[in-house]
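Printed here is target.cif (mmCIF, N, CA and C atoms):
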data_structure
#
loop_
_atom_site.label_atom_id
_atom_site.label_comp_id
_atom_site.auth_asym_id
_atom_site.auth_seq_id
_atom_site.Cartn_x
_atom_site.Cartn_y
_atom_site.Cartn_z
N MET A 15 111.50 116.62 130.23
CA MET A 15 110.97 115.53 131.01
C MET A 15 109.53 115.81 131.44
N LYS A 16 109.28 117.06 131.88
CA LYS A 16 107.93 117.43 132.30
C LYS A 16 106.96 117.33 131.13
N LYS A 17 107.42 117.71 129.95
CA LYS A 17 106.56 117.66 128.75
C LYS A 17 106.21 116.21 128.42
N ALA A 18 107.19 115.30 128.51
CA ALA A 18 106.93 113.88 128.24
C ALA A 18 105.95 113.30 129.26
N MET A 19 106.10 113.68 130.52
CA MET A 19 105.20 113.20 131.57
C MET A 19 103.79 113.72 131.34
N ALA A 20 103.66 114.95 130.91
CA ALA A 20 102.34 115.54 130.64
C ALA A 20 101.67 114.80 129.48
N ILE A 21 102.42 114.46 128.46
CA ILE A 21 101.86 113.73 127.31
C ILE A 21 101.41 112.34 127.73
N VAL A 22 102.22 111.64 128.51
CA VAL A 22 101.85 110.31 128.99
C VAL A 22 100.58 110.38 129.83
N THR A 23 100.50 111.37 130.71
CA THR A 23 99.30 111.54 131.55
C THR A 23 98.08 111.81 130.68
N LEU A 24 98.20 112.69 129.69
CA LEU A 24 97.09 113.01 128.81
C LEU A 24 96.62 111.78 128.03
N VAL A 25 97.54 110.99 127.53
CA VAL A 25 97.19 109.76 126.80
C VAL A 25 96.48 108.78 127.74
N ALA A 26 96.99 108.62 128.95
CA ALA A 26 96.37 107.70 129.91
C ALA A 26 94.95 108.14 130.25
N ILE A 27 94.73 109.43 130.47
CA ILE A 27 93.39 109.93 130.77
C ILE A 27 92.47 109.70 129.59
N THR A 28 92.94 109.97 128.39
CA THR A 28 92.13 109.77 127.18
C THR A 28 91.74 108.31 127.03
N LEU A 29 92.66 107.40 127.26
CA LEU A 29 92.36 105.98 127.16
C LEU A 29 91.34 105.55 128.20
N CYS A 30 91.46 106.04 129.42
CA CYS A 30 90.52 105.68 130.48
C CYS A 30 89.11 106.16 130.16
N ILE A 31 89.00 107.36 129.66
CA ILE A 31 87.68 107.90 129.32
C ILE A 31 87.08 107.12 128.17
N GLY A 32 87.88 106.72 127.21
CA GLY A 32 87.37 106.05 126.02
C GLY A 32 87.14 104.56 126.18
N CYS A 33 87.60 103.94 127.25
CA CYS A 33 87.51 102.50 127.37
C CYS A 33 86.20 102.00 127.95
N SER A 34 85.49 102.80 128.67
CA SER A 34 84.26 102.34 129.30
C SER A 34 83.11 102.35 128.30
N LYS A 35 82.68 101.17 127.91
CA LYS A 35 81.61 101.04 126.94
C LYS A 35 80.25 100.96 127.62
N TYR A 36 80.21 100.50 128.85
CA TYR A 36 78.95 100.25 129.54
C TYR A 36 78.68 101.33 130.58
N GLU A 37 77.41 101.61 130.76
CA GLU A 37 76.97 102.68 131.66
C GLU A 37 77.61 102.57 133.04
N ASP A 38 77.64 101.38 133.62
CA ASP A 38 78.21 101.17 134.94
C ASP A 38 79.45 100.28 134.89
N GLY A 39 80.09 100.22 133.75
CA GLY A 39 81.20 99.30 133.57
C GLY A 39 82.52 99.87 134.06
N PRO A 40 83.57 99.03 134.07
CA PRO A 40 84.88 99.51 134.49
C PRO A 40 85.46 100.44 133.43
N ALA A 41 86.30 101.37 133.87
CA ALA A 41 86.92 102.30 132.93
C ALA A 41 87.90 101.57 132.01
N VAL A 42 88.64 100.64 132.56
CA VAL A 42 89.65 99.92 131.78
C VAL A 42 89.67 98.46 132.24
N SER A 43 89.87 97.55 131.29
CA SER A 43 90.02 96.14 131.63
C SER A 43 91.05 95.52 130.70
N LEU A 44 91.89 94.67 131.24
CA LEU A 44 92.88 93.97 130.42
C LEU A 44 92.28 92.72 129.77
N LEU A 45 91.11 92.29 130.26
CA LEU A 45 90.44 91.12 129.69
C LEU A 45 89.50 91.55 128.57
N THR A 46 89.33 90.69 127.58
CA THR A 46 88.36 90.98 126.53
C THR A 46 86.95 90.85 127.10
N LYS A 47 85.99 91.39 126.40
CA LYS A 47 84.60 91.29 126.85
C LYS A 47 84.16 89.83 126.93
N LYS A 48 84.58 89.03 125.97
CA LYS A 48 84.23 87.61 125.99
C LYS A 48 84.85 86.91 127.19
N GLN A 49 86.08 87.24 127.52
CA GLN A 49 86.74 86.65 128.69
C GLN A 49 86.03 87.04 129.98
N ARG A 50 85.58 88.30 130.06
CA ARG A 50 84.86 88.74 131.25
C ARG A 50 83.50 88.08 131.35
N LEU A 51 82.85 87.84 130.21
CA LEU A 51 81.49 87.30 130.23
C LEU A 51 81.46 85.80 130.53
N THR A 52 82.39 85.03 129.97
CA THR A 52 82.31 83.59 130.13
C THR A 52 82.49 83.19 131.60
N GLY A 53 81.66 82.24 132.01
CA GLY A 53 81.69 81.75 133.38
C GLY A 53 80.28 81.51 133.89
N ARG A 54 80.19 81.08 135.14
CA ARG A 54 78.91 80.76 135.78
C ARG A 54 78.54 81.85 136.77
N TYR A 55 77.29 82.31 136.69
CA TYR A 55 76.80 83.41 137.51
C TYR A 55 75.62 82.96 138.37
N ASP A 56 75.52 83.60 139.53
CA ASP A 56 74.35 83.46 140.40
C ASP A 56 73.55 84.76 140.30
N LEU A 57 72.23 84.65 140.22
CA LEU A 57 71.38 85.83 140.19
C LEU A 57 71.36 86.47 141.57
N GLU A 58 71.68 87.76 141.63
CA GLU A 58 71.65 88.49 142.90
C GLU A 58 70.39 89.31 143.06
N SER A 59 69.94 89.94 141.98
CA SER A 59 68.72 90.74 142.06
C SER A 59 68.08 90.86 140.69
N TRP A 60 66.79 91.12 140.71
CA TRP A 60 66.00 91.26 139.49
C TRP A 60 64.95 92.34 139.76
N GLN A 61 64.93 93.38 138.93
CA GLN A 61 63.96 94.47 139.10
C GLN A 61 63.21 94.70 137.80
N PRO A 62 61.95 94.84 137.73
CA PRO A 62 61.05 94.57 138.85
C PRO A 62 60.99 93.08 139.14
N GLU A 63 60.63 92.74 140.35
CA GLU A 63 60.65 91.35 140.80
C GLU A 63 59.41 90.61 140.29
N GLU A 64 59.45 90.22 139.03
CA GLU A 64 58.31 89.54 138.41
C GLU A 64 58.61 88.07 138.15
N ILE A 65 59.53 87.50 138.90
CA ILE A 65 59.86 86.08 138.74
C ILE A 65 58.73 85.26 139.34
N ASP A 66 58.37 84.18 138.69
CA ASP A 66 57.33 83.28 139.18
C ASP A 66 57.60 82.94 140.64
N SER A 67 56.58 83.01 141.46
CA SER A 67 56.74 82.79 142.90
C SER A 67 57.21 81.38 143.25
N SER A 68 57.11 80.44 142.31
CA SER A 68 57.58 79.08 142.60
C SER A 68 59.09 78.94 142.40
N VAL A 69 59.74 80.00 141.92
CA VAL A 69 61.18 79.98 141.67
C VAL A 69 61.87 80.87 142.69
N ASN A 70 62.85 80.31 143.40
CA ASN A 70 63.62 81.05 144.40
C ASN A 70 64.80 81.73 143.70
N ILE A 71 65.00 83.01 143.94
CA ILE A 71 66.05 83.76 143.26
C ILE A 71 67.44 83.16 143.50
N GLU A 72 67.66 82.54 144.67
CA GLU A 72 68.96 81.94 144.94
C GLU A 72 69.22 80.68 144.10
N ASP A 73 68.19 80.18 143.47
CA ASP A 73 68.31 78.95 142.69
C ASP A 73 68.42 79.19 141.18
N ILE A 74 68.74 80.42 140.77
CA ILE A 74 68.84 80.73 139.34
C ILE A 74 70.31 80.96 138.99
N HIS A 75 70.81 80.22 138.01
CA HIS A 75 72.21 80.30 137.60
C HIS A 75 72.27 80.44 136.08
N LEU A 76 73.22 81.23 135.63
CA LEU A 76 73.42 81.51 134.21
C LEU A 76 74.87 81.22 133.89
N GLU A 77 75.11 80.49 132.79
CA GLU A 77 76.48 80.16 132.44
C GLU A 77 76.71 80.44 130.96
N PHE A 78 77.79 81.20 130.69
CA PHE A 78 78.21 81.51 129.33
C PHE A 78 79.48 80.72 129.05
N PHE A 79 79.52 80.04 127.90
CA PHE A 79 80.68 79.25 127.52
C PHE A 79 81.44 79.94 126.39
N LYS A 80 82.73 79.62 126.27
CA LYS A 80 83.59 80.23 125.25
C LYS A 80 83.12 79.94 123.83
N ASP A 81 82.41 78.84 123.63
CA ASP A 81 81.95 78.48 122.28
C ASP A 81 80.63 79.18 121.93
N ASN A 82 80.26 80.20 122.68
CA ASN A 82 79.05 81.01 122.48
C ASN A 82 77.76 80.24 122.75
N THR A 83 77.83 79.20 123.55
CA THR A 83 76.61 78.55 124.02
C THR A 83 76.37 79.03 125.45
N MET A 84 75.15 78.81 125.92
CA MET A 84 74.79 79.26 127.26
C MET A 84 73.77 78.32 127.87
N ARG A 85 73.64 78.43 129.19
CA ARG A 85 72.69 77.58 129.90
C ARG A 85 72.16 78.36 131.11
N VAL A 86 70.86 78.25 131.34
CA VAL A 86 70.23 78.79 132.54
C VAL A 86 69.67 77.61 133.31
N GLU A 87 69.98 77.55 134.60
CA GLU A 87 69.45 76.50 135.46
C GLU A 87 68.66 77.15 136.59
N TYR A 88 67.52 76.56 136.91
CA TYR A 88 66.71 77.05 138.02
C TYR A 88 65.87 75.91 138.56
N ILE A 89 65.47 76.06 139.81
CA ILE A 89 64.62 75.05 140.44
C ILE A 89 63.21 75.60 140.48
N ASP A 90 62.29 74.87 139.87
CA ASP A 90 60.88 75.27 139.80
C ASP A 90 60.04 74.13 140.36
N GLU A 91 59.32 74.42 141.42
CA GLU A 91 58.48 73.42 142.08
C GLU A 91 59.27 72.15 142.41
N GLY A 92 60.49 72.36 142.91
CA GLY A 92 61.33 71.25 143.34
C GLY A 92 62.07 70.52 142.22
N GLN A 93 61.86 70.92 140.98
CA GLN A 93 62.51 70.26 139.83
C GLN A 93 63.58 71.17 139.23
N LEU A 94 64.74 70.60 138.93
CA LEU A 94 65.79 71.34 138.24
C LEU A 94 65.39 71.51 136.78
N ARG A 95 65.33 72.73 136.33
CA ARG A 95 65.00 73.05 134.92
C ARG A 95 66.24 73.64 134.26
N THR A 96 66.43 73.34 133.01
CA THR A 96 67.56 73.86 132.25
C THR A 96 67.07 74.36 130.90
N GLU A 97 67.49 75.56 130.56
CA GLU A 97 67.24 76.14 129.23
C GLU A 97 68.60 76.39 128.61
N GLN A 98 68.74 76.06 127.33
CA GLN A 98 70.02 76.23 126.65
C GLN A 98 69.84 77.04 125.37
N GLY A 99 70.94 77.58 124.91
CA GLY A 99 70.89 78.36 123.68
C GLY A 99 72.27 78.86 123.31
N GLU A 100 72.28 79.87 122.45
CA GLU A 100 73.52 80.49 122.01
C GLU A 100 73.47 81.97 122.31
N TRP A 101 74.62 82.54 122.59
CA TRP A 101 74.71 83.97 122.87
C TRP A 101 75.68 84.61 121.89
N SER A 102 75.49 85.91 121.67
CA SER A 102 76.43 86.67 120.85
C SER A 102 76.35 88.14 121.25
N PHE A 103 77.44 88.84 121.04
CA PHE A 103 77.44 90.28 121.23
C PHE A 103 76.83 90.92 119.99
N VAL A 104 76.04 91.97 120.17
CA VAL A 104 75.49 92.76 119.07
C VAL A 104 75.60 94.23 119.44
N SER A 105 75.28 95.10 118.50
CA SER A 105 75.32 96.55 118.71
C SER A 105 76.66 97.01 119.27
N ASP A 106 77.73 96.65 118.56
CA ASP A 106 79.08 97.03 118.95
C ASP A 106 79.41 96.55 120.36
N LYS A 107 78.96 95.36 120.69
CA LYS A 107 79.20 94.68 121.97
C LYS A 107 78.56 95.40 123.16
N GLU A 108 77.53 96.19 122.89
CA GLU A 108 76.81 96.85 123.97
C GLU A 108 75.58 96.05 124.38
N GLN A 109 75.23 95.05 123.58
CA GLN A 109 74.08 94.20 123.88
C GLN A 109 74.45 92.74 123.69
N LEU A 110 73.65 91.88 124.33
CA LEU A 110 73.76 90.44 124.13
C LEU A 110 72.49 89.95 123.44
N ARG A 111 72.65 89.02 122.53
CA ARG A 111 71.50 88.36 121.90
C ARG A 111 71.51 86.91 122.38
N PHE A 112 70.36 86.47 122.88
CA PHE A 112 70.18 85.10 123.33
C PHE A 112 69.24 84.39 122.38
N GLU A 113 69.71 83.34 121.73
CA GLU A 113 68.88 82.52 120.85
C GLU A 113 68.67 81.18 121.54
N TRP A 114 67.47 81.02 122.10
CA TRP A 114 67.16 79.84 122.90
C TRP A 114 66.83 78.64 122.01
N ASP A 115 67.18 77.45 122.48
CA ASP A 115 66.91 76.22 121.73
C ASP A 115 65.42 76.01 121.47
N TYR A 116 64.54 76.59 122.30
CA TYR A 116 63.11 76.42 122.09
C TYR A 116 62.54 77.43 121.09
N GLY A 117 63.41 78.25 120.47
CA GLY A 117 62.98 79.10 119.37
C GLY A 117 62.86 80.58 119.64
N ALA A 118 62.91 81.01 120.88
CA ALA A 118 62.78 82.43 121.20
C ALA A 118 64.14 83.13 121.09
N THR A 119 64.08 84.44 120.86
CA THR A 119 65.28 85.27 120.85
C THR A 119 65.04 86.46 121.77
N ASP A 120 66.00 86.72 122.65
CA ASP A 120 65.92 87.86 123.56
C ASP A 120 67.17 88.71 123.39
N TYR A 121 67.03 89.98 123.75
CA TYR A 121 68.16 90.90 123.73
C TYR A 121 68.31 91.53 125.10
N ALA A 122 69.55 91.81 125.48
CA ALA A 122 69.82 92.45 126.76
C ALA A 122 70.88 93.53 126.57
N GLU A 123 70.61 94.69 127.12
CA GLU A 123 71.59 95.77 127.13
C GLU A 123 72.52 95.54 128.31
N ILE A 124 73.81 95.55 128.06
CA ILE A 124 74.80 95.36 129.12
C ILE A 124 75.00 96.69 129.83
N ARG A 125 74.79 96.69 131.14
CA ARG A 125 75.01 97.89 131.95
C ARG A 125 76.36 97.85 132.65
N ARG A 126 76.77 96.66 133.07
CA ARG A 126 78.06 96.50 133.75
C ARG A 126 78.59 95.12 133.41
N LEU A 127 79.87 95.06 133.03
CA LEU A 127 80.52 93.79 132.75
C LEU A 127 81.94 93.86 133.28
N THR A 128 82.15 93.19 134.41
CA THR A 128 83.49 93.08 134.99
C THR A 128 83.82 91.59 135.03
N ASN A 129 84.96 91.27 135.57
CA ASN A 129 85.33 89.86 135.69
C ASN A 129 84.47 89.14 136.72
N LYS A 130 83.77 89.88 137.58
CA LYS A 130 82.97 89.27 138.66
C LYS A 130 81.49 89.58 138.57
N GLU A 131 81.08 90.56 137.77
CA GLU A 131 79.69 90.99 137.74
C GLU A 131 79.18 91.20 136.32
N LEU A 132 77.88 90.95 136.17
CA LEU A 132 77.17 91.25 134.93
C LEU A 132 75.84 91.87 135.31
N TRP A 133 75.60 93.09 134.85
CA TRP A 133 74.31 93.75 135.02
C TRP A 133 73.75 93.94 133.64
N MET A 134 72.48 93.60 133.46
CA MET A 134 71.87 93.78 132.14
C MET A 134 70.39 94.09 132.25
N VAL A 135 69.88 94.72 131.22
CA VAL A 135 68.46 95.03 131.11
C VAL A 135 67.92 94.25 129.92
N VAL A 136 66.93 93.40 130.17
CA VAL A 136 66.36 92.54 129.14
C VAL A 136 65.25 93.29 128.42
N ASP A 137 64.79 92.75 127.28
CA ASP A 137 63.76 93.35 126.42
C ASP A 137 62.68 94.11 127.18
N ASP A 138 62.18 93.53 128.24
CA ASP A 138 61.01 94.07 128.93
C ASP A 138 61.37 95.07 130.04
N ASP A 139 62.58 95.63 129.99
CA ASP A 139 63.05 96.60 130.97
C ASP A 139 63.28 96.02 132.35
N SER A 140 63.42 94.71 132.45
CA SER A 140 63.77 94.07 133.73
C SER A 140 65.29 94.10 133.87
N GLU A 141 65.76 94.68 134.95
CA GLU A 141 67.20 94.73 135.18
C GLU A 141 67.62 93.60 136.11
N SER A 142 68.67 92.89 135.73
CA SER A 142 69.17 91.80 136.57
C SER A 142 70.64 92.02 136.87
N HIS A 143 71.03 91.64 138.08
CA HIS A 143 72.42 91.72 138.52
C HIS A 143 72.88 90.30 138.83
N TRP A 144 74.00 89.91 138.23
CA TRP A 144 74.55 88.57 138.37
C TRP A 144 75.95 88.66 138.95
N LYS A 145 76.31 87.70 139.78
CA LYS A 145 77.66 87.64 140.36
C LYS A 145 78.31 86.33 139.96
N LYS A 146 79.54 86.42 139.46
CA LYS A 146 80.25 85.23 139.00
C LYS A 146 80.68 84.38 140.19
N GLN A 147 80.54 83.07 140.05
CA GLN A 147 80.93 82.15 141.11
C GLN A 147 82.43 82.06 141.20
#
Just give me the structure of the file as structure tokens.
Amino acid sequence: MKKAMAIVTLVAITLCIGCSKYEDGPAVSLLTKKQRLTGRYDLESWQPEEIDSSVNIEDIHLEFFKDNTMRVEYIDEGQLRTEQGEWSFVSDKEQLRFEWDYGATDYAEIRRLTNKELWMVVDDDSESHWKKQ
């Protein structure tokens, strides 16, 4: 019995160590990465803080849909602005690729992906933290 318990414990520890793909991510999750990512997020922080001064950080929202489309909404000079595009996982699901409808493509390294949080570093080394609504 002790031997069986030791084997189960060893397997559980091995699985926990091997499940965390992201630097600050959870050790284990029952949800797929796509399930954790889809939803609407509010921007909590952005480092370095190089956002245009006419945009309030509380007014920036990011939404990922199950059909791999996405939308960013923000208020700029009193006007609601929306950017849309498609997202996909790349680099063994360690990065996100954003293909915007206006023709640009951006990449983001995922640092943390839980059911409630998304932390990522975009091309220009700007780190953003998002909280799911």
- Computed interatomic separation between CA of Glu113 in chain A and CA of Gln98 in chain A (Å): 8.6 Å
Residue IDs satisfying the PyMOL selection byres ((chain A and resi 135) around 8), as an mmCIF file with N, CA and C atoms, keeping the file's coordinate frame:
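result_3.cif, freshly written:
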data_model
loop_
_atom_site.group_PDB
_atom_site.id
_atom_site.type_symbol
_atom_site.label_atom_id
_atom_site.label_comp_id
_atom_site.auth_asym_id
_atom_site.auth_seq_id
_atom_site.Cartn_x
_atom_site.Cartn_y
_atom_site.Cartn_z
ATOM 1 N N TYR A 121 67.030 89.980 123.750
ATOM 2 C CA TYR A 121 68.160 90.900 123.730
ATOM 3 C C TYR A 121 68.310 91.530 125.100
ATOM 4 N N ALA A 122 69.550 91.810 125.480
ATOM 5 C CA ALA A 122 69.820 92.450 126.760
ATOM 6 C C ALA A 122 70.880 93.530 126.570
ATOM 7 N N GLU A 123 70.610 94.690 127.120
ATOM 8 C CA GLU A 123 71.590 95.770 127.130
ATOM 9 C C GLU A 123 72.520 95.540 128.310
ATOM 10 N N ILE A 124 73.810 95.550 128.060
ATOM 11 C CA ILE A 124 74.800 95.360 129.120
ATOM 12 C C ILE A 124 75.000 96.690 129.830
ATOM 13 N N ARG A 125 74.790 96.690 131.140
ATOM 14 C CA ARG A 125 75.010 97.890 131.950
ATOM 15 C C ARG A 125 76.360 97.850 132.650
ATOM 16 N N ARG A 126 76.770 96.660 133.070
ATOM 17 C CA ARG A 126 78.060 96.500 133.750
ATOM 18 C C ARG A 126 78.590 95.120 133.410
ATOM 19 N N LEU A 132 77.880 90.950 136.170
ATOM 20 C CA LEU A 132 77.170 91.250 134.930
ATOM 21 C C LEU A 132 75.840 91.870 135.310
ATOM 22 N N TRP A 133 75.600 93.090 134.850
ATOM 23 C CA TRP A 133 74.310 93.750 135.020
ATOM 24 C C TRP A 133 73.750 93.940 133.640
ATOM 25 N N MET A 134 72.480 93.600 133.460
ATOM 26 C CA MET A 134 71.870 93.780 132.140
ATOM 27 C C MET A 134 70.390 94.090 132.250
ATOM 28 N N VAL A 136 66.930 93.400 130.170
ATOM 29 C CA VAL A 136 66.360 92.540 129.140
ATOM 30 C C VAL A 136 65.250 93.290 128.420
ATOM 31 N N ASP A 137 64.790 92.750 127.280
ATOM 32 C CA ASP A 137 63.760 93.350 126.420
ATOM 33 C C ASP A 137 62.680 94.110 127.180
ATOM 34 N N ASP A 138 62.180 93.530 128.240
ATOM 35 C CA ASP A 138 61.010 94.070 128.930
ATOM 36 C C ASP A 138 61.370 95.070 130.040
ATOM 37 N N ASP A 139 62.580 95.630 129.990
ATOM 38 C CA ASP A 139 63.050 96.600 130.970
ATOM 39 C C ASP A 139 63.280 96.020 132.350
ATOM 40 N N SER A 140 63.420 94.710 132.450
ATOM 41 C CA SER A 140 63.770 94.070 133.730
ATOM 42 C C SER A 140 65.290 94.100 133.870
ATOM 43 N N GLU A 141 65.760 94.680 134.950
ATOM 44 C CA GLU A 141 67.200 94.730 135.180
ATOM 45 C C GLU A 141 67.620 93.600 136.110
ATOM 46 N N SER A 142 68.670 92.890 135.730
ATOM 47 C CA SER A 142 69.170 91.800 136.570
ATOM 48 C C SER A 142 70.640 92.020 136.870
ATOM 49 N N HIS A 143 71.030 91.640 138.080
ATOM 50 C CA HIS A 143 72.420 91.720 138.520
ATOM 51 C C HIS A 143 72.880 90.300 138.830
#
- Task: For atom N of Thr128 in chain A and CA of Asp90 in chain A, quote the distance in Å rounded to one decimal.
- Result: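 If I compute the distance from atom N of Thr128 in chain A to CA of Asp90 in chain A, I get 28.3 Å.
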- Can you turn the PyMOL selection byres ((chain A and resi 52) around 7) into a concrete residue list for this file, as number ranges by chain? A: 47-51, 53-54, 77-80
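Going from atom N of Lys145 in chain A to atom N of Ser59 in chain A covers 7.1 Å.
Considering the residues A:Glu72, A:Tyr55, A:Gln61, A:Gly99 and counting only C-alpha atoms, Ala118 in chain A has its shortest atom-to-atom contact with A:Gly99.
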- Selected by the PyMOL selection byres (((chain A and resi 112 and name CA) around 6) and name CA) in the shown coordinates: which residues, as a list in words? Glu100, Trp101, Arg111, Glu113, Thr119 and Asp120 of chain A
Edge lengths and centre in Å to one decimal, as JSON, is what I'm after for the box along x, y and z that holds all listed atoms of range 46-58 of chain A once 4 Å is added on each side.
{"center_x": 79.9, "center_y": 86.1, "center_z": 134.5, "size_x": 26.9, "size_y": 18.6, "size_z": 25.1}
